[in-house]
$ cat coords27.pdb   # PDB, C-alpha atoms
ATOM      1  CA  MET Z   1      47.862 220.468 125.080
ATOM      2  CA  LEU Z   2      46.196 222.205 127.983
ATOM      3  CA  LYS Z   3      48.125 223.283 131.056
ATOM      4  CA  TYR Z   4      47.711 222.157 134.619
ATOM      5  CA  TYR Z   5      47.146 225.005 137.065
ATOM      6  CA  LYS Z   6      49.549 224.380 139.944
ATOM      7  CA  ASN Z   7      48.995 225.364 143.513
ATOM      8  CA  PRO Z   8      51.588 223.977 145.956
ATOM      9  CA  ASP Z   9      48.942 223.636 148.671
ATOM     10  CA  GLY Z  10      46.736 221.153 146.805
ATOM     11  CA  VAL Z  11      44.263 220.590 143.990
ATOM     12  CA  VAL Z  12      42.318 223.491 142.498
ATOM     13  CA  ALA Z  13      38.806 223.377 141.042
ATOM     14  CA  GLY Z  14      38.190 224.566 137.501
ATOM     15  CA  ILE Z  15      34.832 226.257 136.958
ATOM     16  CA  ASP Z  16      32.863 227.106 133.827
ATOM     17  CA  GLU Z  17      29.262 227.631 132.793
ATOM     18  CA  ALA Z  18      26.986 226.934 129.846
ATOM     19  CA  GLY Z  19      23.820 228.645 128.705
ATOM     20  CA  ARG Z  20      24.386 232.271 129.622
ATOM     21  CA  GLY Z  21      23.356 233.578 126.216
ATOM     22  CA  CYS Z  22      20.266 231.409 125.773
ATOM     23  CA  LEU Z  23      16.658 232.491 125.484
ATOM     24  CA  ALA Z  24      15.398 229.317 127.166
ATOM     25  CA  GLY Z  25      16.514 226.800 129.737
ATOM     26  CA  PRO Z  26      18.775 226.933 132.776
ATOM     27  CA  VAL Z  27      22.267 228.243 133.230
ATOM     28  CA  VAL Z  28      24.514 225.347 134.257
ATOM     29  CA  ALA Z  29      27.917 225.526 135.946
ATOM     30  CA  ALA Z  30      30.391 222.801 136.775
ATOM     31  CA  ALA Z  31      33.343 222.601 139.136
ATOM     32  CA  VAL Z  32      35.962 219.912 138.514
ATOM     33  CA  MET Z  33      39.045 219.013 140.541
ATOM     34  CA  LEU Z  34      41.705 217.308 138.412
ATOM     35  CA  PRO Z  35      45.166 216.259 139.576
ATOM     36  CA  GLU Z  36      48.146 216.934 137.325
ATOM     37  CA  ASP Z  37      48.316 213.287 136.262
ATOM     38  CA  HIS Z  38      44.605 213.024 135.428
ATOM     39  CA  GLY Z  39      45.262 210.900 132.325
ATOM     40  CA  LEU Z  40      42.337 212.293 130.305
ATOM     41  CA  PRO Z  41      43.854 213.113 126.899
ATOM     42  CA  SER Z  42      40.660 214.329 125.224
ATOM     43  CA  LEU Z  43      40.207 217.443 127.347
ATOM     44  CA  GLN Z  44      39.718 220.598 125.323
ATOM     45  CA  ASP Z  45      37.483 223.637 125.494
ATOM     46  CA  SER Z  46      34.001 222.198 124.903
ATOM     47  CA  LYS Z  47      33.495 224.601 121.981
ATOM     48  CA  GLN Z  48      36.477 223.007 120.193
ATOM     49  CA  LEU Z  49      35.020 219.485 120.383
ATOM     50  CA  THR Z  50      32.365 217.854 118.247
ATOM     51  CA  GLU Z  51      29.221 216.701 119.988
ATOM     52  CA  SER Z  52      30.418 213.078 119.983
ATOM     53  CA  GLN Z  53      33.844 214.105 121.339
ATOM     54  CA  ARG Z  54      32.156 216.141 124.104
ATOM     55  CA  GLU Z  55      29.921 213.207 124.975
ATOM     56  CA  ALA Z  56      32.906 210.839 125.164
ATOM     57  CA  ALA Z  57      34.897 213.282 127.308
ATOM     58  CA  TYR Z  58      31.846 213.810 129.553
ATOM     59  CA  GLU Z  59      31.414 210.056 130.034
ATOM     60  CA  GLY Z  60      35.125 209.707 130.838
ATOM     61  CA  LEU Z  61      34.976 212.490 133.401
ATOM     62  CA  MET Z  62      31.794 211.212 135.031
ATOM     63  CA  ALA Z  63      33.254 207.698 135.258
ATOM     64  CA  SER Z  64      36.455 209.013 136.826
ATOM     65  CA  LYS Z  65      37.117 209.310 140.539
ATOM     66  CA  TYR Z  66      37.710 213.050 140.273
ATOM     67  CA  PRO Z  67      35.441 215.383 142.270
ATOM     68  CA  ILE Z  68      32.735 217.054 140.164
ATOM     69  CA  GLY Z  69      29.984 219.461 141.215
ATOM     70  CA  ILE Z  70      27.135 220.754 139.055
ATOM     71  CA  GLY Z  71      24.905 223.778 139.687
ATOM     72  CA  ILE Z  72      21.698 224.356 137.721
ATOM     73  CA  ILE Z  73      19.671 227.571 137.952
ATOM     74  CA  PRO Z  74      16.240 227.575 136.250
ATOM     75  CA  PRO Z  75      14.817 230.377 134.092
ATOM     76  CA  HIS Z  76      12.479 231.830 136.736
ATOM     77  CA  ILE Z  77      15.451 232.427 139.059
ATOM     78  CA  ILE Z  78      17.422 233.930 136.165
ATOM     79  CA  ASP Z  79      14.497 236.315 135.604
ATOM     80  CA  ASP Z  80      14.370 237.180 139.314
ATOM     81  CA  ILE Z  81      18.062 237.911 139.906
ATOM     82  CA  ASN Z  82      19.514 238.448 136.353
ATOM     83  CA  ILE Z  83      21.771 236.180 134.325
ATOM     84  CA  LEU Z  84      25.062 237.334 135.853
ATOM     85  CA  GLN Z  85      23.902 236.700 139.431
ATOM     86  CA  ALA Z  86      22.317 233.401 138.342
ATOM     87  CA  THR Z  87      25.650 232.359 136.813
ATOM     88  CA  TYR Z  88      27.455 233.106 140.080
ATOM     89  CA  LEU Z  89      24.772 231.167 141.964
ATOM     90  CA  ALA Z  90      25.187 228.157 139.641
ATOM     91  CA  MET Z  91      28.968 228.294 140.148
ATOM     92  CA  HIS Z  92      28.564 228.460 143.925
ATOM     93  CA  GLU Z  93      26.141 225.512 143.852
ATOM     94  CA  ALA Z  94      28.668 223.522 141.810
ATOM     95  CA  ILE Z  95      31.379 224.280 144.393
ATOM     96  CA  ASP Z  96      28.980 223.308 147.203
ATOM     97  CA  GLN Z  97      28.577 219.874 145.605
ATOM     98  CA  LEU Z  98      32.290 219.070 145.575
ATOM     99  CA  PRO Z  99      33.004 216.332 148.133
ATOM    100  CA  GLN Z 100      36.181 218.095 149.244
ATOM    101  CA  LYS Z 101      37.275 221.706 149.452
ATOM    102  CA  PRO Z 102      39.702 222.875 146.751
ATOM    103  CA  VAL Z 103      42.602 225.125 147.725
ATOM    104  CA  GLU Z 104      41.817 227.555 144.909
ATOM    105  CA  LEU Z 105      39.165 228.178 142.270
ATOM    106  CA  ILE Z 106      40.071 228.961 138.667
ATOM    107  CA  ILE Z 107      37.173 230.414 136.724
ATOM    108  CA  ASP Z 108      36.732 230.844 132.999
ATOM    109  CA  GLY Z 109      36.129 234.521 132.274
ATOM    110  CA  ASN Z 110      36.883 237.835 133.880
ATOM    111  CA  ARG Z 111      34.392 238.043 136.763
ATOM    112  CA  PHE Z 112      33.364 235.946 139.727
ATOM    113  CA  LYS Z 113      31.575 236.520 143.003
ATOM    114  CA  PRO Z 114      33.977 235.347 145.748
ATOM    115  CA  TYR Z 115      33.146 232.029 147.350
ATOM    116  CA  PHE Z 116      33.443 231.825 151.114
ATOM    117  CA  GLY Z 117      37.006 231.197 152.227
ATOM    118  CA  ILE Z 118      38.513 230.018 148.926
ATOM    119  CA  VAL Z 119      40.803 232.221 146.855
ATOM    120  CA  HIS Z 120      40.002 232.468 143.167
ATOM    121  CA  THR Z 121      41.627 233.442 139.902
ATOM    122  CA  CYS Z 122      39.684 234.448 136.796
ATOM    123  CA  VAL Z 123      41.229 233.410 133.487
ATOM    124  CA  ILE Z 124      40.009 234.816 130.183
ATOM    125  CA  LYS Z 125      39.787 231.883 127.749
ATOM    126  CA  GLY Z 126      40.567 229.613 130.673
ATOM    127  CA  ASP Z 127      38.612 226.774 129.056
ATOM    128  CA  ALA Z 128      41.181 226.770 126.238
ATOM    129  CA  THR Z 129      44.126 227.100 128.655
ATOM    130  CA  TYR Z 130      43.697 224.888 131.729
ATOM    131  CA  SER Z 131      42.575 221.261 131.854
ATOM    132  CA  ALA Z 132      40.377 221.677 134.950
ATOM    133  CA  ILE Z 133      38.412 224.536 133.379
ATOM    134  CA  ALA Z 134      38.096 222.608 130.095
ATOM    135  CA  ALA Z 135      36.720 219.650 132.065
ATOM    136  CA  ALA Z 136      34.191 221.950 133.749
ATOM    137  CA  SER Z 137      33.188 223.403 130.372
ATOM    138  CA  ILE Z 138      32.502 219.896 129.042
ATOM    139  CA  ILE Z 139      30.462 218.860 132.086
ATOM    140  CA  ALA Z 140      28.403 222.077 132.057
ATOM    141  CA  LYS Z 141      27.751 222.009 128.300
ATOM    142  CA  VAL Z 142      26.786 218.338 128.038
ATOM    143  CA  THR Z 143      24.601 218.537 131.162
ATOM    144  CA  ARG Z 144      22.730 221.509 129.756
ATOM    145  CA  ASP Z 145      22.516 220.149 126.196
ATOM    146  CA  ARG Z 146      21.063 216.848 127.427
ATOM    147  CA  TYR Z 147      18.455 218.714 129.446
ATOM    148  CA  MET Z 148      17.401 220.853 126.474
ATOM    149  CA  ILE Z 149      17.215 217.824 124.169
ATOM    150  CA  LYS Z 150      14.795 216.193 126.648
ATOM    151  CA  GLN Z 151      12.733 219.392 126.717
ATOM    152  CA  HIS Z 152      12.554 219.317 122.907
ATOM    153  CA  ASP Z 153      10.168 216.357 123.194
ATOM    154  CA  LYS Z 154       7.765 218.561 125.155
ATOM    155  CA  TYR Z 155       8.215 221.666 122.965
ATOM    156  CA  PRO Z 156       9.350 220.427 119.505
ATOM    157  CA  GLN Z 157       8.310 223.608 117.697
ATOM    158  CA  TYR Z 158      11.261 225.484 119.265
ATOM    159  CA  ASP Z 159      13.886 223.095 117.805
ATOM    160  CA  TRP Z 160      15.783 222.761 121.090
ATOM    161  CA  SER Z 161      17.297 219.454 120.000
ATOM    162  CA  GLN Z 162      19.316 221.546 117.545
ATOM    163  CA  ASN Z 163      19.650 225.031 119.058
ATOM    164  CA  LYS Z 164      19.630 224.077 122.783
ATOM    165  CA  GLY Z 165      17.734 227.296 123.570
ATOM    166  CA  TYR Z 166      20.166 229.694 121.902
ATOM    167  CA  PRO Z 167      18.721 232.589 119.853
ATOM    168  CA  THR Z 168      18.730 231.081 116.362
ATOM    169  CA  LYS Z 169      16.437 232.390 113.616
ATOM    170  CA  ARG Z 170      14.248 229.302 113.892
ATOM    171  CA  HIS Z 171      13.962 229.650 117.661
ATOM    172  CA  LYS Z 172      13.080 233.336 117.426
ATOM    173  CA  SER Z 173      10.488 232.610 114.726
ATOM    174  CA  ALA Z 174       8.924 229.905 116.901
ATOM    175  CA  ILE Z 175       8.635 232.358 119.790
ATOM    176  CA  LYS Z 176       6.855 234.862 117.555
ATOM    177  CA  LEU Z 177       4.491 232.157 116.296
ATOM    178  CA  HIS Z 178       3.871 230.141 119.485
ATOM    179  CA  GLY Z 179       4.793 232.491 122.329
ATOM    180  CA  LEU Z 180       6.916 231.711 125.361
ATOM    181  CA  THR Z 181       7.087 228.478 127.347
ATOM    182  CA  PRO Z 182       7.769 228.157 131.078
ATOM    183  CA  LEU Z 183      11.398 227.437 130.081
ATOM    184  CA  HIS Z 184      11.860 230.772 128.338
ATOM    185  CA  ARG Z 185      13.642 233.562 130.155
ATOM    186  CA  LYS Z 186      11.149 236.383 130.178
ATOM    187  CA  SER Z 187      13.830 238.937 131.081
ATOM    188  CA  PHE Z 188      15.590 238.314 127.728
ATOM    189  CA  ARG Z 189      14.489 239.973 124.523
ATOM    190  CA  SER Z 190      13.679 237.276 121.979
ATOM    191  CA  ALA Z 191      13.792 239.336 118.798
TER     192      ALA Z 191
END
$ encode --input "coords27.pdb" --output "structure tokens"
Amino acid sequence: MLKYYKNPDGVVAGIDEAGRGCLAGPVVAAAVMLPEDHGLPSLQDSKQLTESQREAAYEGLMASKYPIGIGIIPPHIIDDINILQATYLAMHEAIDQLPQKPVELIIDGNRFKPYFGIVHTCVIKGDATYSAIAAASIIAKVTRDRYMIKQHDKYPQYDWSQNKGYPTKRHKSAIKLHGLTPLHRKSFRSA
């Protein structure tokens, strides 16, 4: 069972991203504020859930009253500022969308660009440790996966309904055969 990250001054926001290592599509970040008694038993690191479990957890979170923010940075911005800066930007956009200000940010990973006036703590493997970060990982992953599945209809030769833009053999072969789309990150090597 995942832990609740306690701050005596109020509710924290868990933050995670999806799509950093992709060759195509946006980087997506989510910020989720969960109270200790959130009552969502299915929360786990999104990588530990099946697709149907992630979808169910996503639907439960989106139907809940808990504050959620989502930031989406497209490939051309990733190419302009680099993937690390684009990830920070997506995280900041997700925080901007929260309807209330958290007292602290807990971020999955070991680096974060400070957000104006809110203290933060980076947690390696935070998505497998704290419920708020796990919730953010689910929101970010499902949001991005759904987007890439829709884009598959436009570009079926890249198999995005299966690989979601990650560098699989089939995706790399399709790039060699068909070239890049507007959704490909031109700053990433595809081979």
$ residues_around --input "coords27.pdb" --residues "Z:Gly179" --least-positions-apart "6" --cutoff "12 Å" --atoms "all atoms listed in the file" --output "PyMOL selection string"
chain Z and resi 155+157-158+171-173+185-186+190-191
$ residues_around --input "coords27.pdb" --residues "Z:Tyr115" --least-positions-apart "4" --cutoff "9 Å" --atoms "only C-alpha atoms" --output "MDAnalysis selection string"
chainID Z and resid 92 95 105 119:120
$ atom_distance --input "coords27.pdb" --atom1 "atom CA of Z:Gly21" --atom2 "atom CA of Z:Leu34"
27.4 Å
$ resolve_selection --input "coords27.pdb" --expression "the PyMOL selection byres ((chain Z and resi 134-141) around 10)" --output "JSON, numbers by chain"
{"Z": [2, 13, 14, 15, 16, 17, 18, 19, 27, 28, 29, 30, 31, 32, 33, 34, 40, 42, 43, 44, 45, 46, 47, 49, 51, 53, 54, 55, 56, 57, 58, 59, 61, 62, 68, 69, 70, 71, 72, 94, 107, 108, 125, 126, 127, 128, 129, 130, 131, 132, 133, 142, 143, 144, 145, 146, 147]}
$ atom_distance --input "coords27.pdb" --atom1 "atom CA of Z:Gly39" --atom2 "atom CA of Z:Ser64"
10.1 Å
$ resolve_selection --input "coords27.pdb" --expression "the PyMOL selection byres ((chain Z and resi 8) around 12)" --output "list of chain:residue names"
Z:Tyr5, Z:Lys6, Z:Asn7, Z:Asp9, Z:Gly10, Z:Val11, Z:Val12, Z:Pro35, Z:Glu36, Z:Pro102, Z:Val103, Z:Glu104
$ axis_aligned_box --input "coords27.pdb" --around "stretch 29-47 of chain Z" --padding-each-side "3 Å" --output "lines of an AutoDock Vina configuration file"
center_x = 38.1
center_y = 218.2
center_z = 131.3
size_x = 26.4
size_y = 20.6
size_z = 24.6
$ residues_around --input "coords27.pdb" --residues "Z:Lys169" --least-positions-apart "5" --cutoff "12 Å" --atoms "all atoms listed in the file" --output "JSON, numbers by chain"
{"Z": [23, 158, 159, 162, 163, 174, 175, 176, 190, 191]}
$ closest_residue --input "coords27.pdb" --among "Z:Pro99, Z:Gly165, Z:Gly109, Z:Pro26" --to "Z:Ala86" --atoms "all atoms listed in the file"
Z:Pro26
$ closest_residue --input "coords27.pdb" --among "Z:Lys3, Z:Lys113, Z:Arg20, Z:His178" --to "Z:His38" --atoms "all atoms listed in the file"
Z:Lys3
$ atom_distance --input "coords27.pdb" --atom1 "atom CA of Z:Met91" --atom2 "atom CA of Z:Ile106"
11.2 Å
$ closest_residue --input "coords27.pdb" --among "Z:Ala24, Z:Gln100, Z:Lys150, Z:Met1" --to "Z:His76" --atoms "all atoms listed in the file"
Z:Ala24
$ residues_around --input "coords27.pdb" --residues "Z:Cys22" --least-positions-apart "5" --cutoff "8 Å" --atoms "all atoms listed in the file" --output "ChimeraX atom specification"
/Z:164-167
$ write_last_selection --input "coords27.pdb" --atoms "C-alpha atoms" --output "mmCIF file, keeping the file's coordinate frame"
data_model
loop_
_atom_site.group_PDB
_atom_site.id
_atom_site.type_symbol
_atom_site.label_atom_id
_atom_site.label_comp_id
_atom_site.auth_asym_id
_atom_site.auth_seq_id
_atom_site.Cartn_x
_atom_site.Cartn_y
_atom_site.Cartn_z
ATOM 1 C CA LYS Z 164 19.630 224.077 122.783
ATOM 2 C CA GLY Z 165 17.734 227.296 123.570
ATOM 3 C CA TYR Z 166 20.166 229.694 121.902
ATOM 4 C CA PRO Z 167 18.721 232.589 119.853
#
$ residues_near_point --input "coords27.pdb" --point "(13.3, 228.3, 137.1)" --cutoff "9 Å" --atoms "all atoms listed in the file" --output "PyMOL selection string"
chain Z and resi 25-26+73-79+182-183+185
$ closest_residue --input "coords27.pdb" --among "Z:Arg111, Z:Lys101, Z:Lys154, Z:Lys65" --to "Z:Thr181" --atoms "only C-alpha atoms"
Z:Lys154
$ decode --input "coords27.pdb" --residues "stretch 47-189 of chain Z" --atoms "C-alpha atoms" --output "PDB file, in the first residue's frame"
ATOM      1  CA  LYS Z  47       3.737   1.207 -14.754  1.00  0.00           C
ATOM      2  CA  GLN Z  48       2.549  -1.475 -12.299  1.00  0.00           C
ATOM      3  CA  LEU Z  49      -1.040  -1.420 -13.596  1.00  0.00           C
ATOM      4  CA  THR Z  50      -2.516  -3.029 -16.679  1.00  0.00           C
ATOM      5  CA  GLU Z  51      -4.051  -0.734 -19.253  1.00  0.00           C
ATOM      6  CA  SER Z  52      -7.574  -1.545 -18.032  1.00  0.00           C
ATOM      7  CA  GLN Z  53      -6.553  -0.961 -14.392  1.00  0.00           C
ATOM      8  CA  ARG Z  54      -4.988   2.396 -15.353  1.00  0.00           C
ATOM      9  CA  GLU Z  55      -8.124   3.379 -17.239  1.00  0.00           C
ATOM     10  CA  ALA Z  56     -10.336   2.482 -14.263  1.00  0.00           C
ATOM     11  CA  ALA Z  57      -8.091   4.378 -11.834  1.00  0.00           C
ATOM     12  CA  TYR Z  58      -8.023   7.367 -14.220  1.00  0.00           C
ATOM     13  CA  GLU Z  59     -11.826   7.412 -14.447  1.00  0.00           C
ATOM     14  CA  GLY Z  60     -12.079   7.204 -10.648  1.00  0.00           C
ATOM     15  CA  LEU Z  61      -9.666  10.085 -10.187  1.00  0.00           C
ATOM     16  CA  MET Z  62     -11.313  12.265 -12.825  1.00  0.00           C
ATOM     17  CA  ALA Z  63     -14.744  11.626 -11.291  1.00  0.00           C
ATOM     18  CA  SER Z  64     -13.477  12.510  -7.820  1.00  0.00           C
ATOM     19  CA  LYS Z  65     -13.634  15.942  -6.238  1.00  0.00           C
ATOM     20  CA  TYR Z  66      -9.864  16.061  -5.799  1.00  0.00           C
ATOM     21  CA  PRO Z  67      -7.936  18.868  -7.525  1.00  0.00           C
ATOM     22  CA  ILE Z  68      -6.150  17.763 -10.709  1.00  0.00           C
ATOM     23  CA  GLY Z  69      -4.049  19.795 -13.143  1.00  0.00           C
ATOM     24  CA  ILE Z  70      -2.637  18.620 -16.472  1.00  0.00           C
ATOM     25  CA  GLY Z  71       0.155  20.207 -18.520  1.00  0.00           C
ATOM     26  CA  ILE Z  72       0.815  19.208 -22.132  1.00  0.00           C
ATOM     27  CA  ILE Z  73       3.861  20.386 -24.091  1.00  0.00           C
ATOM     28  CA  PRO Z  74       3.905  19.615 -27.843  1.00  0.00           C
ATOM     29  CA  PRO Z  75       6.885  18.296 -29.820  1.00  0.00           C
ATOM     30  CA  HIS Z  76       7.855  21.617 -31.430  1.00  0.00           C
ATOM     31  CA  ILE Z  77       8.301  23.182 -27.974  1.00  0.00           C
ATOM     32  CA  ILE Z  78      10.271  20.126 -26.835  1.00  0.00           C
ATOM     33  CA  ASP Z  79      12.550  20.654 -29.850  1.00  0.00           C
ATOM     34  CA  ASP Z  80      12.915  24.361 -29.040  1.00  0.00           C
ATOM     35  CA  ILE Z  81      13.757  24.105 -25.333  1.00  0.00           C
ATOM     36  CA  ASN Z  82      14.829  20.413 -24.847  1.00  0.00           C
ATOM     37  CA  ILE Z  83      12.968  17.588 -23.142  1.00  0.00           C
ATOM     38  CA  LEU Z  84      14.085  18.389 -19.592  1.00  0.00           C
ATOM     39  CA  GLN Z  85      12.929  22.018 -19.788  1.00  0.00           C
ATOM     40  CA  ALA Z  86       9.721  20.911 -21.538  1.00  0.00           C
ATOM     41  CA  THR Z  87       9.066  18.466 -18.689  1.00  0.00           C
ATOM     42  CA  TYR Z  88       9.474  21.248 -16.123  1.00  0.00           C
ATOM     43  CA  LEU Z  89       7.167  23.454 -18.200  1.00  0.00           C
ATOM     44  CA  ALA Z  90       4.512  20.704 -18.338  1.00  0.00           C
ATOM     45  CA  MET Z  91       4.782  20.262 -14.556  1.00  0.00           C
ATOM     46  CA  HIS Z  92       4.431  24.004 -13.985  1.00  0.00           C
ATOM     47  CA  GLU Z  93       1.394  24.130 -16.292  1.00  0.00           C
ATOM     48  CA  ALA Z  94      -0.175  21.262 -14.336  1.00  0.00           C
ATOM     49  CA  ILE Z  95       0.381  23.163 -11.069  1.00  0.00           C
ATOM     50  CA  ASP Z  96      -1.075  26.320 -12.652  1.00  0.00           C
ATOM     51  CA  GLN Z  97      -4.288  24.411 -13.389  1.00  0.00           C
ATOM     52  CA  LEU Z  98      -4.883  23.339  -9.792  1.00  0.00           C
ATOM     53  CA  PRO Z  99      -7.890  25.228  -8.400  1.00  0.00           C
ATOM     54  CA  GLN Z 100      -6.122  25.743  -5.077  1.00  0.00           C
ATOM     55  CA  LYS Z 101      -2.516  26.173  -4.031  1.00  0.00           C
ATOM     56  CA  PRO Z 102      -0.877  23.141  -2.396  1.00  0.00           C
ATOM     57  CA  VAL Z 103       1.376  23.661   0.616  1.00  0.00           C
ATOM     58  CA  GLU Z 104       4.108  21.500  -0.906  1.00  0.00           C
ATOM     59  CA  LEU Z 105       4.929  19.723  -4.155  1.00  0.00           C
ATOM     60  CA  ILE Z 106       6.222  16.154  -4.214  1.00  0.00           C
ATOM     61  CA  ILE Z 107       7.761  15.222  -7.537  1.00  0.00           C
ATOM     62  CA  ASP Z 108       8.650  11.824  -8.923  1.00  0.00           C
ATOM     63  CA  GLY Z 109      12.353  11.794  -9.757  1.00  0.00           C
ATOM     64  CA  ASN Z 110      15.464  13.606  -8.678  1.00  0.00           C
ATOM     65  CA  ARG Z 111      15.162  17.022 -10.353  1.00  0.00           C
ATOM     66  CA  PHE Z 112      12.645  19.825 -10.552  1.00  0.00           C
ATOM     67  CA  LYS Z 113      12.691  23.492 -11.454  1.00  0.00           C
ATOM     68  CA  PRO Z 114      11.299  25.356  -8.411  1.00  0.00           C
ATOM     69  CA  TYR Z 115       7.760  26.636  -8.745  1.00  0.00           C
ATOM     70  CA  PHE Z 116       7.083  30.139  -7.493  1.00  0.00           C
ATOM     71  CA  GLY Z 117       6.504  30.225  -3.753  1.00  0.00           C
ATOM     72  CA  ILE Z 118       5.847  26.520  -3.118  1.00  0.00           C
ATOM     73  CA  VAL Z 119       8.420  24.270  -1.473  1.00  0.00           C
ATOM     74  CA  HIS Z 120       9.104  20.972  -3.194  1.00  0.00           C
ATOM     75  CA  THR Z 121      10.580  17.573  -2.475  1.00  0.00           C
ATOM     76  CA  CYS Z 122      11.879  15.225  -5.164  1.00  0.00           C
ATOM     77  CA  VAL Z 123      11.364  11.523  -4.497  1.00  0.00           C
ATOM     78  CA  ILE Z 124      13.123   8.860  -6.546  1.00  0.00           C
ATOM     79  CA  LYS Z 125      10.525   6.174  -7.330  1.00  0.00           C
ATOM     80  CA  GLY Z 126       7.937   8.463  -5.788  1.00  0.00           C
ATOM     81  CA  ASP Z 127       5.234   7.007  -8.040  1.00  0.00           C
ATOM     82  CA  ALA Z 128       5.734   3.663  -6.276  1.00  0.00           C
ATOM     83  CA  THR Z 129       5.902   5.287  -2.818  1.00  0.00           C
ATOM     84  CA  TYR Z 130       3.288   8.030  -2.408  1.00  0.00           C
ATOM     85  CA  SER Z 131      -0.379   7.924  -3.395  1.00  0.00           C
ATOM     86  CA  ALA Z 132      -0.488  11.499  -4.736  1.00  0.00           C
ATOM     87  CA  ILE Z 133       2.444  10.886  -7.089  1.00  0.00           C
ATOM     88  CA  ALA Z 134       0.947   7.550  -8.198  1.00  0.00           C
ATOM     89  CA  ALA Z 135      -2.311   9.368  -8.972  1.00  0.00           C
ATOM     90  CA  ALA Z 136      -0.387  11.936 -11.028  1.00  0.00           C
ATOM     91  CA  SER Z 137       1.439   9.155 -12.886  1.00  0.00           C
ATOM     92  CA  ILE Z 138      -1.896   7.564 -13.825  1.00  0.00           C
ATOM     93  CA  ILE Z 139      -3.427  10.846 -15.002  1.00  0.00           C
ATOM     94  CA  ALA Z 140      -0.347  11.783 -17.057  1.00  0.00           C
ATOM     95  CA  LYS Z 141       0.041   8.338 -18.646  1.00  0.00           C
ATOM     96  CA  VAL Z 142      -3.610   7.817 -19.580  1.00  0.00           C
ATOM     97  CA  THR Z 143      -3.936  11.384 -20.897  1.00  0.00           C
ATOM     98  CA  ARG Z 144      -0.910  10.921 -23.119  1.00  0.00           C
ATOM     99  CA  ASP Z 145      -1.803   7.374 -24.210  1.00  0.00           C
ATOM    100  CA  ARG Z 146      -5.309   8.456 -25.241  1.00  0.00           C
ATOM    101  CA  TYR Z 147      -3.862  11.305 -27.280  1.00  0.00           C
ATOM    102  CA  MET Z 148      -1.413   9.020 -29.097  1.00  0.00           C
ATOM    103  CA  ILE Z 149      -4.120   6.436 -29.810  1.00  0.00           C
ATOM    104  CA  LYS Z 150      -6.187   9.189 -31.488  1.00  0.00           C
ATOM    105  CA  GLN Z 151      -3.138  10.218 -33.521  1.00  0.00           C
ATOM    106  CA  HIS Z 152      -2.724   6.604 -34.665  1.00  0.00           C
ATOM    107  CA  ASP Z 153      -5.819   7.062 -36.845  1.00  0.00           C
ATOM    108  CA  LYS Z 154      -4.020   9.851 -38.707  1.00  0.00           C
ATOM    109  CA  TYR Z 155      -0.635   8.074 -38.888  1.00  0.00           C
ATOM    110  CA  PRO Z 156      -1.350   4.302 -38.652  1.00  0.00           C
ATOM    111  CA  GLN Z 157       1.980   3.275 -40.176  1.00  0.00           C
ATOM    112  CA  TYR Z 158       3.788   4.300 -36.956  1.00  0.00           C
ATOM    113  CA  ASP Z 159       1.753   1.909 -34.749  1.00  0.00           C
ATOM    114  CA  TRP Z 160       1.094   4.535 -32.070  1.00  0.00           C
ATOM    115  CA  SER Z 161      -1.958   2.649 -30.825  1.00  0.00           C
ATOM    116  CA  GLN Z 162       0.540   0.083 -29.538  1.00  0.00           C
ATOM    117  CA  ASN Z 163       3.811   1.936 -28.892  1.00  0.00           C
ATOM    118  CA  LYS Z 164       2.379   5.376 -27.943  1.00  0.00           C
ATOM    119  CA  GLY Z 165       5.362   7.055 -29.632  1.00  0.00           C
ATOM    120  CA  TYR Z 166       8.084   5.183 -27.750  1.00  0.00           C
ATOM    121  CA  PRO Z 167      11.140   3.987 -29.723  1.00  0.00           C
ATOM    122  CA  THR Z 168      10.104   0.429 -30.578  1.00  0.00           C
ATOM    123  CA  LYS Z 169      11.636  -1.444 -33.520  1.00  0.00           C
ATOM    124  CA  ARG Z 170       8.427  -1.063 -35.510  1.00  0.00           C
ATOM    125  CA  HIS Z 171       8.265   2.668 -34.830  1.00  0.00           C
ATOM    126  CA  LYS Z 172      11.898   3.179 -35.809  1.00  0.00           C
ATOM    127  CA  SER Z 173      11.395   1.140 -38.991  1.00  0.00           C
ATOM    128  CA  ALA Z 174       8.350   3.238 -39.899  1.00  0.00           C
ATOM    129  CA  ILE Z 175      10.386   6.420 -39.484  1.00  0.00           C
ATOM    130  CA  LYS Z 176      13.063   5.075 -41.821  1.00  0.00           C
ATOM    131  CA  LEU Z 177      10.425   4.084 -44.379  1.00  0.00           C
ATOM    132  CA  HIS Z 178       7.980   7.013 -44.127  1.00  0.00           C
ATOM    133  CA  GLY Z 179       9.983   9.834 -42.552  1.00  0.00           C
ATOM    134  CA  LEU Z 180       8.928  12.098 -39.712  1.00  0.00           C
ATOM    135  CA  THR Z 181       5.477  13.506 -38.981  1.00  0.00           C
ATOM    136  CA  PRO Z 182       4.708  16.864 -37.363  1.00  0.00           C
ATOM    137  CA  LEU Z 183       4.317  14.900 -34.096  1.00  0.00           C
ATOM    138  CA  HIS Z 184       7.871  13.580 -34.155  1.00  0.00           C
ATOM    139  CA  ARG Z 185      10.491  15.263 -32.018  1.00  0.00           C
ATOM    140  CA  LYS Z 186      13.148  16.304 -34.473  1.00  0.00           C
ATOM    141  CA  SER Z 187      15.701  16.854 -31.697  1.00  0.00           C
ATOM    142  CA  PHE Z 188      15.615  13.115 -30.841  1.00  0.00           C
ATOM    143  CA  ARG Z 189      17.618  10.552 -32.753  1.00  0.00           C
TER     144      ARG Z 189
END
